[in-house]
file structure-v3.txt (compact mmCIF, C-alpha atoms)
# COMPACT_ATOMS: atom_id res chain seq x y z
CA MET A 1 24.55 150.41 -127.54
CA SER A 2 23.08 147.40 -129.32
CA PRO A 3 20.65 147.98 -132.19
CA LYS A 4 17.73 146.56 -130.26
CA ASN A 5 18.04 149.39 -127.73
CA ASN A 6 17.80 152.07 -130.41
CA ILE A 7 14.05 152.42 -130.19
CA PRO A 8 12.53 155.82 -131.04
CA VAL A 9 11.32 157.78 -128.08
CA LEU A 10 8.05 158.52 -129.86
CA ASN A 11 6.54 157.56 -133.20
CA LEU A 12 3.11 157.73 -134.77
CA THR A 13 2.22 154.18 -133.74
CA GLN A 14 2.98 155.04 -130.14
CA ILE A 15 0.85 158.16 -130.48
CA ILE A 16 -2.12 156.04 -131.60
CA VAL A 17 -1.48 153.62 -128.73
CA GLY A 18 -1.34 156.53 -126.28
CA ILE A 19 -4.59 158.00 -127.62
CA VAL A 20 -6.38 154.65 -127.29
CA ALA A 21 -5.09 154.05 -123.75
CA PHE A 22 -5.83 157.60 -122.57
CA SER A 23 -9.33 157.54 -124.07
CA GLN A 24 -10.09 154.23 -122.38
CA GLY A 25 -9.03 155.65 -119.04
CA VAL A 26 -10.82 158.97 -119.33
CA GLN A 27 -14.13 157.34 -120.31
CA HIS A 28 -14.39 156.13 -116.71
CA LEU A 29 -15.79 159.60 -116.05
CA ALA A 30 -19.25 158.00 -116.25
CA ASP A 31 -18.55 155.08 -113.87
CA LEU A 32 -19.94 156.76 -110.77
CA SER A 33 -22.95 158.05 -112.71
CA ILE A 34 -23.74 154.51 -113.83
CA GLN A 35 -23.46 153.16 -110.28
CA TYR A 36 -25.75 155.87 -108.92
CA LEU A 37 -28.11 155.29 -111.86
CA TYR A 38 -28.48 151.65 -110.85
CA LYS A 39 -28.82 152.41 -107.13
CA ASP A 40 -30.93 155.58 -107.03
CA ASP A 41 -32.88 155.58 -110.33
CA PHE A 42 -33.41 151.88 -110.98
CA HIS A 43 -33.33 150.81 -107.28
CA VAL A 44 -31.47 147.54 -107.85
CA SER A 45 -29.86 145.51 -105.06
CA PRO A 46 -26.06 145.21 -104.68
CA SER A 47 -26.00 141.65 -106.04
CA LYS A 48 -28.22 142.58 -108.99
CA MET A 49 -26.08 145.61 -109.77
CA GLY A 50 -23.08 143.28 -109.74
CA VAL A 51 -24.81 141.11 -112.35
CA PHE A 52 -25.57 144.11 -114.57
CA VAL A 53 -22.00 145.37 -114.30
CA GLY A 54 -20.80 141.86 -115.09
CA LEU A 55 -22.92 141.76 -118.26
CA SER A 56 -21.20 144.90 -119.52
CA GLN A 57 -17.88 143.09 -119.04
CA LEU A 58 -18.85 140.23 -121.36
CA PRO A 59 -17.23 141.81 -124.48
CA TRP A 60 -13.90 141.76 -122.62
CA ILE A 61 -14.21 138.01 -122.11
CA ILE A 62 -14.46 137.34 -125.85
CA LYS A 63 -11.48 139.54 -126.72
CA PRO A 64 -9.87 136.77 -128.82
CA ILE A 65 -12.78 137.05 -131.26
CA TRP A 66 -12.04 140.75 -131.74
CA GLY A 67 -8.36 139.87 -132.08
CA ILE A 68 -9.03 137.29 -134.79
CA ILE A 69 -11.21 139.77 -136.67
CA CYS A 70 -8.51 142.47 -136.52
CA ASP A 71 -5.75 140.06 -137.56
CA SER A 72 -7.76 138.50 -140.39
CA PHE A 73 -9.96 141.22 -141.88
CA PRO A 74 -8.25 144.53 -142.73
CA ILE A 75 -10.50 147.53 -143.39
CA LEU A 76 -9.29 149.48 -146.42
CA GLY A 77 -5.91 147.80 -146.03
CA SER A 78 -5.63 148.61 -142.32
CA ARG A 79 -5.74 146.06 -139.52
CA ARG A 80 -5.37 148.66 -136.81
CA LYS A 81 -6.28 152.31 -137.31
CA ALA A 82 -9.55 151.73 -139.19
CA TYR A 83 -10.94 149.70 -136.29
CA ILE A 84 -10.06 152.47 -133.83
CA VAL A 85 -11.86 155.07 -135.95
CA PHE A 86 -14.97 152.94 -136.51
CA CYS A 87 -15.32 151.84 -132.88
CA GLY A 88 -14.63 155.35 -131.63
CA PHE A 89 -17.63 156.62 -133.57
CA LEU A 90 -19.70 153.63 -132.38
CA SER A 91 -18.86 154.40 -128.77
CA PHE A 92 -19.80 158.06 -129.33
CA ILE A 93 -23.23 157.01 -130.61
CA GLY A 94 -23.66 154.63 -127.67
CA TRP A 95 -23.05 157.34 -125.07
CA GLN A 96 -25.41 159.68 -126.91
CA LEU A 97 -28.16 157.05 -126.80
CA MET A 98 -27.32 156.34 -123.17
CA ALA A 99 -27.98 160.00 -122.35
CA TYR A 100 -31.35 160.16 -124.09
CA ILE A 101 -32.96 156.72 -123.68
CA GLY A 102 -30.65 154.73 -121.37
CA VAL A 103 -31.55 156.72 -118.27
CA ASP A 104 -35.20 155.65 -118.44
CA ASN A 105 -35.01 151.86 -118.54
CA VAL A 106 -32.55 149.55 -116.82
CA TYR A 107 -32.53 146.93 -119.57
CA VAL A 108 -32.00 149.52 -122.31
CA ALA A 109 -29.14 150.92 -120.23
CA VAL A 110 -27.54 147.48 -119.85
CA ALA A 111 -27.86 146.81 -123.61
CA LEU A 112 -26.29 150.17 -124.50
CA LEU A 113 -23.48 149.70 -121.99
CA ILE A 114 -22.71 146.31 -123.55
CA MET A 115 -22.52 147.98 -126.96
CA ILE A 116 -20.25 150.73 -125.63
CA SER A 117 -18.11 148.17 -123.83
CA SER A 118 -17.75 146.19 -127.07
CA SER A 119 -16.51 149.21 -129.02
CA VAL A 120 -14.08 150.22 -126.25
CA CYS A 121 -12.87 146.61 -126.05
CA ILE A 122 -12.10 146.44 -129.80
CA CYS A 123 -10.15 149.69 -129.57
CA ASN A 124 -8.31 148.22 -126.60
CA VAL A 125 -7.48 145.05 -128.54
CA VAL A 126 -6.03 147.10 -131.40
CA GLY A 127 -4.09 149.38 -129.06
CA GLU A 128 -2.62 146.43 -127.19
CA ALA A 129 -1.73 144.71 -130.47
CA LEU A 130 0.17 147.82 -131.56
CA MET A 131 1.84 147.87 -128.15
CA VAL A 132 2.93 144.24 -128.52
CA GLU A 133 4.28 144.92 -132.03
CA GLN A 134 6.46 147.64 -130.49
CA CYS A 135 7.77 145.27 -127.79
CA ALA A 136 11.22 144.33 -129.05
CA ASN A 137 12.79 141.79 -126.69
CA ASP A 138 13.51 143.40 -123.31
CA HIS A 139 11.42 146.49 -124.04
CA ALA A 140 8.16 144.73 -123.17
CA ALA A 141 8.13 146.21 -119.65
CA ASN A 142 8.67 149.74 -121.00
CA ASN A 143 5.88 149.51 -123.57
CA VAL A 144 3.42 147.94 -121.14
CA SER A 145 4.23 150.62 -118.57
CA VAL A 146 3.70 153.41 -121.11
CA PHE A 147 0.38 151.95 -122.33
CA PHE A 148 -1.07 151.49 -118.87
CA GLY A 149 0.48 154.77 -117.76
CA PHE A 150 -1.56 156.63 -120.39
CA LYS A 151 -4.63 154.67 -119.32
CA ALA A 152 -4.03 155.47 -115.64
CA THR A 153 -3.54 159.16 -116.45
CA GLY A 154 -6.89 159.24 -118.24
CA GLY A 155 -8.45 157.42 -115.31
CA LEU A 156 -6.87 159.88 -112.88
CA ILE A 157 -8.42 162.85 -114.68
CA SER A 158 -11.85 161.21 -114.96
CA ALA A 159 -11.81 160.14 -111.31
CA TYR A 160 -11.05 163.68 -110.14
CA PHE A 161 -14.04 165.13 -111.96
CA SER A 162 -16.50 162.19 -111.83
CA GLY A 163 -17.81 162.85 -108.33
CA MET A 164 -17.58 166.62 -108.60
CA LEU A 165 -19.64 166.74 -111.79
CA LEU A 166 -22.38 164.63 -110.20
CA MET A 167 -22.86 167.43 -107.67
CA TYR A 168 -23.69 169.94 -110.41
CA LEU A 169 -24.74 168.02 -113.52
CA THR A 170 -27.31 165.36 -114.31
CA LYS A 171 -26.34 161.86 -115.32
CA LYS A 172 -27.58 162.62 -118.83
CA GLN A 173 -25.22 165.59 -119.13
CA ILE A 174 -22.29 163.49 -117.88
CA PHE A 175 -23.03 160.81 -120.47
CA LEU A 176 -23.05 163.49 -123.17
CA ILE A 177 -19.69 164.80 -121.99
CA ASN A 178 -18.33 161.26 -121.92
CA SER A 179 -19.33 160.75 -125.56
CA LEU A 180 -16.83 163.40 -126.61
CA PHE A 181 -13.79 161.33 -125.62
CA PRO A 182 -14.22 158.42 -128.08
CA LEU A 183 -15.23 160.92 -130.76
CA THR A 184 -11.99 162.84 -130.20
CA MET A 185 -10.01 159.59 -130.28
CA ALA A 186 -11.61 158.63 -133.61
CA LEU A 187 -10.96 162.03 -135.18
CA LEU A 188 -7.34 162.16 -134.02
CA SER A 189 -6.66 158.61 -135.18
CA LEU A 190 -8.24 159.41 -138.54
CA LYS A 191 -5.55 162.01 -139.21
CA LEU A 192 -2.64 159.75 -138.33
CA LYS A 193 -0.98 157.44 -140.80
CA GLU A 194 0.22 154.03 -139.67
CA THR A 195 3.97 153.97 -139.37
CA GLN A 196 4.46 150.66 -141.16
CA GLN A 197 2.87 148.95 -144.10
CA THR A 198 0.14 146.60 -143.02
CA ARG A 199 1.36 143.04 -143.24
CA PRO A 200 -0.56 140.60 -145.42
CA SER A 201 -3.67 139.39 -143.64
CA GLN A 202 -4.08 135.75 -142.71
CA ASN A 203 -7.27 133.77 -143.00
CA ILE A 204 -9.01 132.67 -139.85
CA LYS A 205 -7.96 129.03 -140.29
CA GLU A 206 -4.30 130.00 -140.43
CA VAL A 207 -4.59 132.32 -137.43
CA LEU A 208 -6.35 129.63 -135.37
CA SER A 209 -3.80 127.02 -136.45
CA VAL A 210 -0.86 129.15 -135.32
CA PHE A 211 -2.70 130.10 -132.16
CA TRP A 212 -3.52 126.49 -131.22
CA THR A 213 -0.02 125.24 -132.03
CA PHE A 214 1.41 127.87 -129.72
CA PHE A 215 -1.16 127.68 -126.93
CA SER A 216 -1.22 123.87 -126.74
CA ASN A 217 2.30 123.94 -125.27
CA PRO A 218 2.07 123.16 -121.50
CA LYS A 219 4.66 125.89 -120.84
CA ILE A 220 2.08 128.34 -122.18
CA TYR A 221 -1.34 127.11 -121.09
CA GLN A 222 -0.37 126.03 -117.57
CA PRO A 223 0.79 129.54 -116.52
CA VAL A 224 -2.32 131.01 -118.18
CA LEU A 225 -4.59 128.72 -116.16
CA LEU A 226 -2.69 129.70 -113.02
CA ILE A 227 -3.20 133.38 -113.80
CA LEU A 228 -6.91 132.63 -114.27
CA ALA A 229 -7.00 131.11 -110.78
CA PHE A 230 -5.35 134.21 -109.31
CA MET A 231 -7.99 136.45 -110.92
CA MET A 232 -11.02 134.48 -109.66
CA VAL A 233 -11.36 136.31 -106.37
CA PRO A 234 -14.94 137.01 -105.18
CA SER A 235 -15.52 140.71 -105.73
CA SER A 236 -16.88 143.05 -103.06
CA SER A 237 -17.00 146.19 -105.21
CA SER A 238 -20.79 146.41 -105.55
CA ILE A 239 -21.58 145.84 -101.88
CA MET A 240 -18.83 148.24 -100.81
CA PHE A 241 -20.34 150.98 -103.01
CA TYR A 242 -23.62 150.57 -101.12
CA PHE A 243 -21.77 150.46 -97.78
CA TYR A 244 -19.91 153.67 -98.57
CA THR A 245 -23.03 155.56 -99.68
CA GLU A 246 -25.71 154.08 -97.38
CA VAL A 247 -23.79 153.44 -94.13
CA LEU A 248 -20.86 155.86 -94.24
CA HIS A 249 -22.93 158.45 -96.20
CA PHE A 250 -20.10 159.38 -98.53
CA THR A 251 -21.11 162.04 -101.07
CA PRO A 252 -20.56 161.69 -104.84
CA ARG A 253 -17.73 164.21 -104.52
CA PHE A 254 -15.91 162.07 -101.95
CA MET A 255 -16.57 158.91 -103.96
CA GLY A 256 -14.80 160.71 -106.80
CA TYR A 257 -11.90 161.45 -104.47
CA LEU A 258 -11.68 157.75 -103.61
CA LYS A 259 -11.48 156.86 -107.31
CA PHE A 260 -8.90 159.61 -107.79
CA ILE A 261 -6.68 158.36 -104.99
CA SER A 262 -6.98 154.80 -106.33
CA CYS A 263 -5.90 155.96 -109.80
CA LEU A 264 -3.02 157.85 -108.20
CA GLY A 265 -1.94 154.61 -106.55
CA THR A 266 -2.05 152.93 -109.97
CA LEU A 267 0.09 155.63 -111.55
CA LEU A 268 2.64 155.52 -108.73
CA ALA A 269 2.87 151.73 -109.04
CA ILE A 270 3.46 151.98 -112.79
CA LEU A 271 6.23 154.54 -112.31
CA LEU A 272 7.87 152.44 -109.58
CA TYR A 273 7.70 149.28 -111.66
CA ARG A 274 8.98 150.93 -114.84
CA ASN A 275 11.95 152.59 -113.15
CA PHE A 276 12.99 150.11 -110.46
CA LEU A 277 11.22 146.74 -110.64
CA LYS A 278 10.93 145.80 -114.31
CA ASP A 279 14.10 143.65 -114.14
CA VAL A 280 13.19 141.93 -110.87
CA ASN A 281 12.43 138.22 -111.13
CA PHE A 282 8.73 137.62 -111.88
CA LYS A 283 8.13 135.10 -109.10
CA LYS A 284 9.86 137.23 -106.48
CA ILE A 285 7.82 140.36 -107.11
CA PHE A 286 4.55 138.49 -107.73
CA VAL A 287 4.70 136.37 -104.57
CA THR A 288 5.71 139.38 -102.46
CA THR A 289 2.92 141.61 -103.76
CA THR A 290 0.32 138.82 -103.52
CA ILE A 291 1.06 138.21 -99.84
CA ALA A 292 1.16 141.97 -99.17
CA PHE A 293 -2.17 142.45 -100.92
CA PHE A 294 -3.69 139.62 -98.86
CA PHE A 295 -2.93 141.41 -95.59
CA CYS A 296 -3.89 144.85 -96.94
CA TYR A 297 -7.22 143.50 -98.17
CA LEU A 298 -7.97 142.26 -94.64
CA SER A 299 -7.59 145.86 -93.46
CA THR A 300 -11.11 146.50 -94.80
CA ILE A 301 -12.55 144.43 -91.94
CA PRO A 302 -11.98 147.14 -89.28
CA LEU A 303 -13.94 149.54 -91.49
CA VAL A 304 -17.01 147.33 -91.99
CA THR A 305 -17.04 146.29 -88.32
CA ARG A 306 -16.64 149.98 -87.32
CA MET A 307 -13.52 149.19 -85.29
CA ASN A 308 -11.79 152.19 -86.86
CA VAL A 309 -14.27 154.46 -85.03
CA GLN A 310 -13.29 152.86 -81.72
CA TRP A 311 -9.67 153.50 -82.63
CA GLY A 312 -10.49 157.15 -83.33
CA ILE A 313 -9.75 156.93 -87.08
CA ASP A 314 -12.12 158.90 -89.25
CA ASP A 315 -13.93 156.90 -91.96
CA ARG A 316 -12.78 159.17 -94.77
CA PHE A 317 -9.16 159.16 -93.72
CA PHE A 318 -9.23 155.38 -93.27
CA CYS A 319 -10.78 154.81 -96.72
CA LEU A 320 -8.42 157.18 -98.51
CA GLY A 321 -5.35 155.51 -97.04
CA ASP A 322 -6.74 152.03 -97.59
CA SER A 323 -7.67 152.78 -101.22
CA VAL A 324 -4.28 154.11 -102.27
CA ILE A 325 -2.38 151.25 -100.59
CA LEU A 326 -4.64 148.54 -102.00
CA GLN A 327 -4.54 149.98 -105.50
CA PHE A 328 -0.78 150.56 -105.35
CA ILE A 329 0.03 146.99 -104.29
CA GLY A 330 -2.67 145.53 -106.55
CA GLU A 331 -1.19 147.25 -109.58
CA LEU A 332 2.33 146.11 -108.69
CA ASN A 333 0.87 142.62 -108.50
CA LEU A 334 -0.78 142.92 -111.93
CA LEU A 335 1.98 144.56 -113.97
CA PRO A 336 4.33 141.54 -114.07
CA ILE A 337 1.44 139.46 -115.43
CA LEU A 338 0.78 142.02 -118.17
CA VAL A 339 4.46 142.07 -119.13
CA TYR A 340 4.57 138.28 -119.09
CA ALA A 341 1.54 138.14 -121.38
CA CYS A 342 3.19 140.61 -123.74
CA LYS A 343 6.38 138.53 -123.93
CA ILE A 344 4.72 135.26 -124.91
CA CYS A 345 2.82 136.64 -127.92
CA PRO A 346 4.01 135.15 -131.25
CA LYS A 347 4.52 137.36 -134.29
CA ASN A 348 1.73 138.08 -136.78
CA ILE A 349 -1.11 137.17 -134.40
CA GLU A 350 -0.33 139.68 -131.63
CA ALA A 351 -3.92 140.88 -131.40
CA THR A 352 -5.31 137.35 -131.14
CA MET A 353 -2.82 136.02 -128.59
CA TYR A 354 -2.67 139.07 -126.33
CA ALA A 355 -6.45 139.41 -126.49
CA MET A 356 -6.77 135.77 -125.43
CA LEU A 357 -4.48 136.32 -122.47
CA MET A 358 -6.31 139.46 -121.41
CA ALA A 359 -9.65 137.71 -121.93
CA THR A 360 -8.48 134.98 -119.57
CA MET A 361 -7.83 137.59 -116.92
CA ASN A 362 -11.13 139.34 -117.66
CA PHE A 363 -13.00 136.04 -117.43
CA GLY A 364 -11.38 135.41 -114.07
CA THR A 365 -12.48 138.84 -112.87
CA PHE A 366 -15.99 138.28 -114.27
CA ALA A 367 -16.26 134.84 -112.63
CA GLY A 368 -14.99 136.28 -109.37
CA GLY A 369 -17.57 139.05 -109.54
CA GLN A 370 -20.44 136.63 -110.15
CA LEU A 371 -19.13 134.30 -107.44
CA GLY A 372 -19.08 137.27 -105.10
CA ASN A 373 -22.67 138.15 -106.01
CA LEU A 374 -23.77 134.57 -105.31
CA ILE A 375 -22.01 134.49 -101.95
CA LEU A 376 -23.49 137.86 -100.98
CA TYR A 377 -26.95 136.59 -101.86
CA GLU A 378 -26.55 133.31 -99.97
CA MET A 379 -25.15 135.08 -96.91
CA GLY A 380 -28.01 137.58 -96.93
CA ILE A 381 -25.69 140.58 -97.27
CA ASN A 382 -27.53 143.52 -98.83
CA GLN A 383 -28.28 147.21 -98.33
CA GLN A 384 -30.38 146.37 -95.26
CA ASP A 385 -27.96 143.97 -93.57
CA TYR A 386 -24.16 144.27 -93.54
CA SER A 387 -23.59 142.19 -90.41
CA ASN A 388 -21.81 139.36 -92.25
CA LEU A 389 -19.80 141.57 -94.59
CA TYR A 390 -16.59 141.07 -92.60
CA ILE A 391 -16.92 137.28 -93.08
CA PHE A 392 -17.29 137.79 -96.83
CA ILE A 393 -14.14 139.93 -96.93
CA ALA A 394 -12.15 137.37 -94.92
CA LEU A 395 -13.37 134.59 -97.23
CA SER A 396 -12.48 136.56 -100.35
CA SER A 397 -8.97 137.29 -99.11
CA ILE A 398 -8.19 133.55 -98.94
CA PHE A 399 -8.69 133.29 -102.71
CA PHE A 400 -5.71 135.62 -103.24
CA ILE A 401 -3.17 133.16 -101.86
CA LEU A 402 -4.73 129.76 -102.72
CA PRO A 403 -2.89 129.37 -106.09
CA LEU A 404 0.55 130.39 -104.73
CA PRO A 405 1.84 126.78 -104.30
CA TRP A 406 1.70 126.41 -108.10
CA ILE A 407 3.64 129.58 -108.89
CA HIS A 408 6.53 127.45 -110.24
CA LEU A 409 4.45 126.84 -113.39
CA ILE A 410 5.36 130.35 -114.58
CA ASN A 411 8.85 130.39 -116.12
CA ASP A 412 9.58 133.86 -117.48
CA LYS A 413 13.21 132.97 -118.37
CA ALA A 414 12.02 130.30 -120.80
CA ILE A 415 9.70 132.82 -122.41
CA GLN A 416 12.53 135.34 -122.73
CA ASN A 417 14.70 132.75 -124.50
CA HIS A 418 11.78 131.92 -126.75
CA GLN A 419 11.35 135.59 -127.72
CA GLU A 420 15.02 135.92 -128.68
CA GLN A 421 14.91 132.83 -130.89
CA GLU A 422 11.47 133.40 -132.40
CA PRO A 423 11.45 133.89 -136.21
CA PRO A 424 10.23 137.25 -137.46
CA GLN A 425 7.24 135.71 -139.24
CA ILE A 426 5.35 132.45 -138.98
CA GLN A 427 4.99 131.34 -142.58
CA ASP A 428 4.76 127.54 -142.63
CA ASN A 429 4.17 124.52 -140.46
CA GLU A 430 7.88 123.93 -139.86
CA GLU A 431 8.29 127.38 -138.36
CA LYS A 432 5.16 126.87 -136.27
CA GLN A 433 6.67 123.74 -134.77
CA ASN A 434 9.99 125.54 -134.18
CA LEU A 435 8.05 128.15 -132.26
CA ILE A 436 7.07 125.54 -129.72
CA ALA A 437 10.46 123.83 -129.71
CA SER A 438 12.19 127.12 -128.95
CA VAL A 439 10.29 127.43 -125.67
CA GLU A 440 11.42 124.03 -124.53

call {"tool": "encode", "arguments": {"input": "structure-v3.txt", "output": "C-alpha cells"}}
result
Amino acid sequence: MSPKNNIPVLNLTQIIVGIVAFSQGVQHLADLSIQYLYKDDFHVSPSKMGVFVGLSQLPWIIKPIWGIICDSFPILGSRRKAYIVFCGFLSFIGWQLMAYIGVDNVYVAVALLIMISSSVCICNVVGEALMVEQCANDHAANNVSVFFGFKATGGLISAYFSGMLLMYLTKKQIFLINSLFPLTMALLSLKLKETQQTRPSQNIKEVLSVFWTFFSNPKIYQPVLLILAFMMVPSSSSIMFYFYTEVLHFTPRFMGYLKFISCLGTLLAILLYRNFLKDVNFKKIFVTTTIAFFFCYLSTIPLVTRMNVQWGIDDRFFCLGDSVILQFIGELNLLPILVYACKICPKNIEATMYAMLMATMNFGTFAGGQLGNLILYEMGINQQDYSNLYIFIALSSIFFILPLPWIHLINDKAIQNHQEQEPPQIQDNEEKQNLIASVE
C-alpha cells in the first residue's frame, strides 16, 4: 500500500470536523418551528416568508470573508478550534434570545436568525477547511462523504423529533433545546487539542493574491460559473410548505416525518456515493443525476393538481415516496460538485477557497429562492390561490437542465493532475504561477 493510503481511521482533527458537521445538522431541529412561527404567529405570505428565509442565508453567501478571517487572523495561535468555540457560544446566546424575544417580533426574529446563521456559517467554514486539509489526493471523496454523513445524521435525528416536539412543546421551548447543541459543540471542542501545529498566518493581501492568481485561471472560474448556473433554480419550498399545511392539512408531526425521510434519502445517497460511485467520472454521474432529478421534480405536478387522488394514491404516501426519491437523487447530484470543490482548493488558503466555492453555490440557491419568490408573486400564487402552482413547478424544472450543454467546462482529470503536482506550500510568486501552470 502506498504511503498516501495510510490515513488514520480517526484522529482528533476528524473528531472536531465530525462535531461541527453533526452540530450543524442537528440544529435543524428548529426549522419547522421557524416556519410555523412565520406562518401562524407572524402571518406572513409564502413569498414574504421566502424573503425572510433568504435573509438568514446571507451569511452563507459571504463565506469567503469568514474564510479570509480564519486564514489570516489566528485566535490565541489557533486558526481553527478557537473560532468553533467562540461561534458555538455565540450561537447558543442567539437561540436563547430567540426563545425569549424573537417569538414576539418578526424583525427581531429575522435579525437573531441572521446572527445565528453567521455563527453556524463560521463554524462550517472552519470544519470544511479542516476537512480539506485532511483530503490527501484521492481521499477527497472519502472526507467529503464523512463530513456530510455526520451532517446528514444530525439532520436525520433533528427531523425525526422536530415535528413531534411541536405537538407537545412551544416554539420557545424548542428554541431553548436547540441552543444546547452549539453549546455542547463549543464545550467539546474546547477540550480537544488540534492535531497539528498551526501554520504561520498570512496577511490578507497575501491570501487575496494567492486566491486571485488561482481563481483567475479559466479552468477554475468557468466550471465555478457553470455550477452557479446549475444552482439558480427557482425554489418552491416556501409555497409547498403552505400547500402541505393549508391544502393537504399535514400536521407538524407528519411534516417532521417528511423531513426525516428526506434526510434518510440524503444519508443513503452519501453511503451509495462513498462506497460505489466515488470513482465514477464526474460528468457521467452528474449528467445522469441531473436528468433524473428533472423528471422526478416534475412528479410534484400530479400532487398539486390533485391527480394523485384520481389515481387512488394517498397524499401522505405520495409525498413520502416523492420526498425520499427527490432528496436521494438531489444529493447524488450534489456530492460530485462538493468533491470537485474540495479537489481544486490550493494549500494554505483552504478555508478561503472552499468557502468561496460553497458561497457560489449558496448564492445560486439564494438567487434561485428570490427568483422563485418573484415568480410566485407575479403569477399570483399564494395561500389563497394555488391554481398556477403546477406551471411554476414545470417552469422551475427547466432550469435544472438549461446549463447541461456547457458541462464540458468541468474537467476533473485536469484538477486531479493539478493536485498531484501542487507544492505543499505557496511561499512566493514563482510557486503561485506554477500553481496555475500545473492545471494547464

call {"tool": "residues_around", "arguments": {"input": "structure-v3.txt", "residues": "Leu402 in chain A", "least_positions_apart": "4", "cutoff": "12 Å", "atoms": "only C-alpha atoms", "output": "PDB file with C-alpha atoms, keeping the file's coordinate frame"}}
result
ATOM      1  CA  LEU A 226      -2.690 129.700-113.020  1.00  0.00           C
ATOM      2  CA  ILE A 227      -3.200 133.380-113.800  1.00  0.00           C
ATOM      3  CA  ALA A 229      -7.000 131.110-110.780  1.00  0.00           C
ATOM      4  CA  PHE A 230      -5.350 134.210-109.310  1.00  0.00           C
ATOM      5  CA  MET A 231      -7.990 136.450-110.920  1.00  0.00           C
ATOM      6  CA  MET A 232     -11.020 134.480-109.660  1.00  0.00           C
ATOM      7  CA  VAL A 233     -11.360 136.310-106.370  1.00  0.00           C
ATOM      8  CA  VAL A 287       4.700 136.370-104.570  1.00  0.00           C
ATOM      9  CA  THR A 290       0.320 138.820-103.520  1.00  0.00           C
ATOM     10  CA  ILE A 291       1.060 138.210 -99.840  1.00  0.00           C
ATOM     11  CA  PHE A 294      -3.690 139.620 -98.860  1.00  0.00           C
ATOM     12  CA  LEU A 395     -13.370 134.590 -97.230  1.00  0.00           C
ATOM     13  CA  SER A 396     -12.480 136.560-100.350  1.00  0.00           C
ATOM     14  CA  SER A 397      -8.970 137.290 -99.110  1.00  0.00           C
ATOM     15  CA  ILE A 398      -8.190 133.550 -98.940  1.00  0.00           C
ATOM     16  CA  TRP A 406       1.700 126.410-108.100  1.00  0.00           C
ATOM     17  CA  ILE A 407       3.640 129.580-108.890  1.00  0.00           C
TER      18      ILE A 407
END

call {"tool": "atom_distance", "arguments": {"input": "structure-v3.txt", "atom1": "CA of Leu180 in chain A", "atom2": "CA of Gly88 in chain A"}}
result
9.7 Å

call {"tool": "closest_residue", "arguments": {"input": "structure-v3.txt", "among": "A:Tyr160, A:Phe295, A:Tyr244, A:Phe250", "to": "Ser262 in chain A", "atoms": "all atoms listed in the file"}}
result
A:Tyr160

call {"tool": "atom_distance", "arguments": {"input": "structure-v3.txt", "atom1": "CA of Val51 in chain A", "atom2": "CA of Asp385 in chain A"}}
result
19.3 Å

call {"tool": "closest_residue", "arguments": {"input": "structure-v3.txt", "among": "A:Trp66, A:Arg253, A:Phe92, A:Val108", "to": "Tyr168 in chain A", "atoms": "all atoms listed in the file"}}
result
A:Arg253

call {"tool": "closest_residue", "arguments": {"input": "structure-v3.txt", "among": "A:Cys121, A:Leu371, A:Ile391, A:Leu29", "to": "Gly54 in chain A", "atoms": "all atoms listed in the file"}}
result
A:Leu371

call {"tool": "residues_near_point", "arguments": {"input": "structure-v3.txt", "point": "(-5.8, 139.8, -117.6)", "cutoff": "9 Å", "atoms": "all atoms listed in the file", "output": "PyMOL selection string"}}
result
chain A and resi 227-228+231+334+337-338+341+355-365

call {"tool": "atom_distance", "arguments": {"input": "structure-v3.txt", "atom1": "CA of Asn178 in chain A", "atom2": "CA of Ile69 in chain A"}}
result
27.0 Å

call {"tool": "closest_residue", "arguments": {"input": "structure-v3.txt", "among": "A:Ile34, A:Ala159, A:Val44, A:Val280", "to": "Ala109 in chain A", "atoms": "only C-alpha atoms"}}
result
A:Ile34
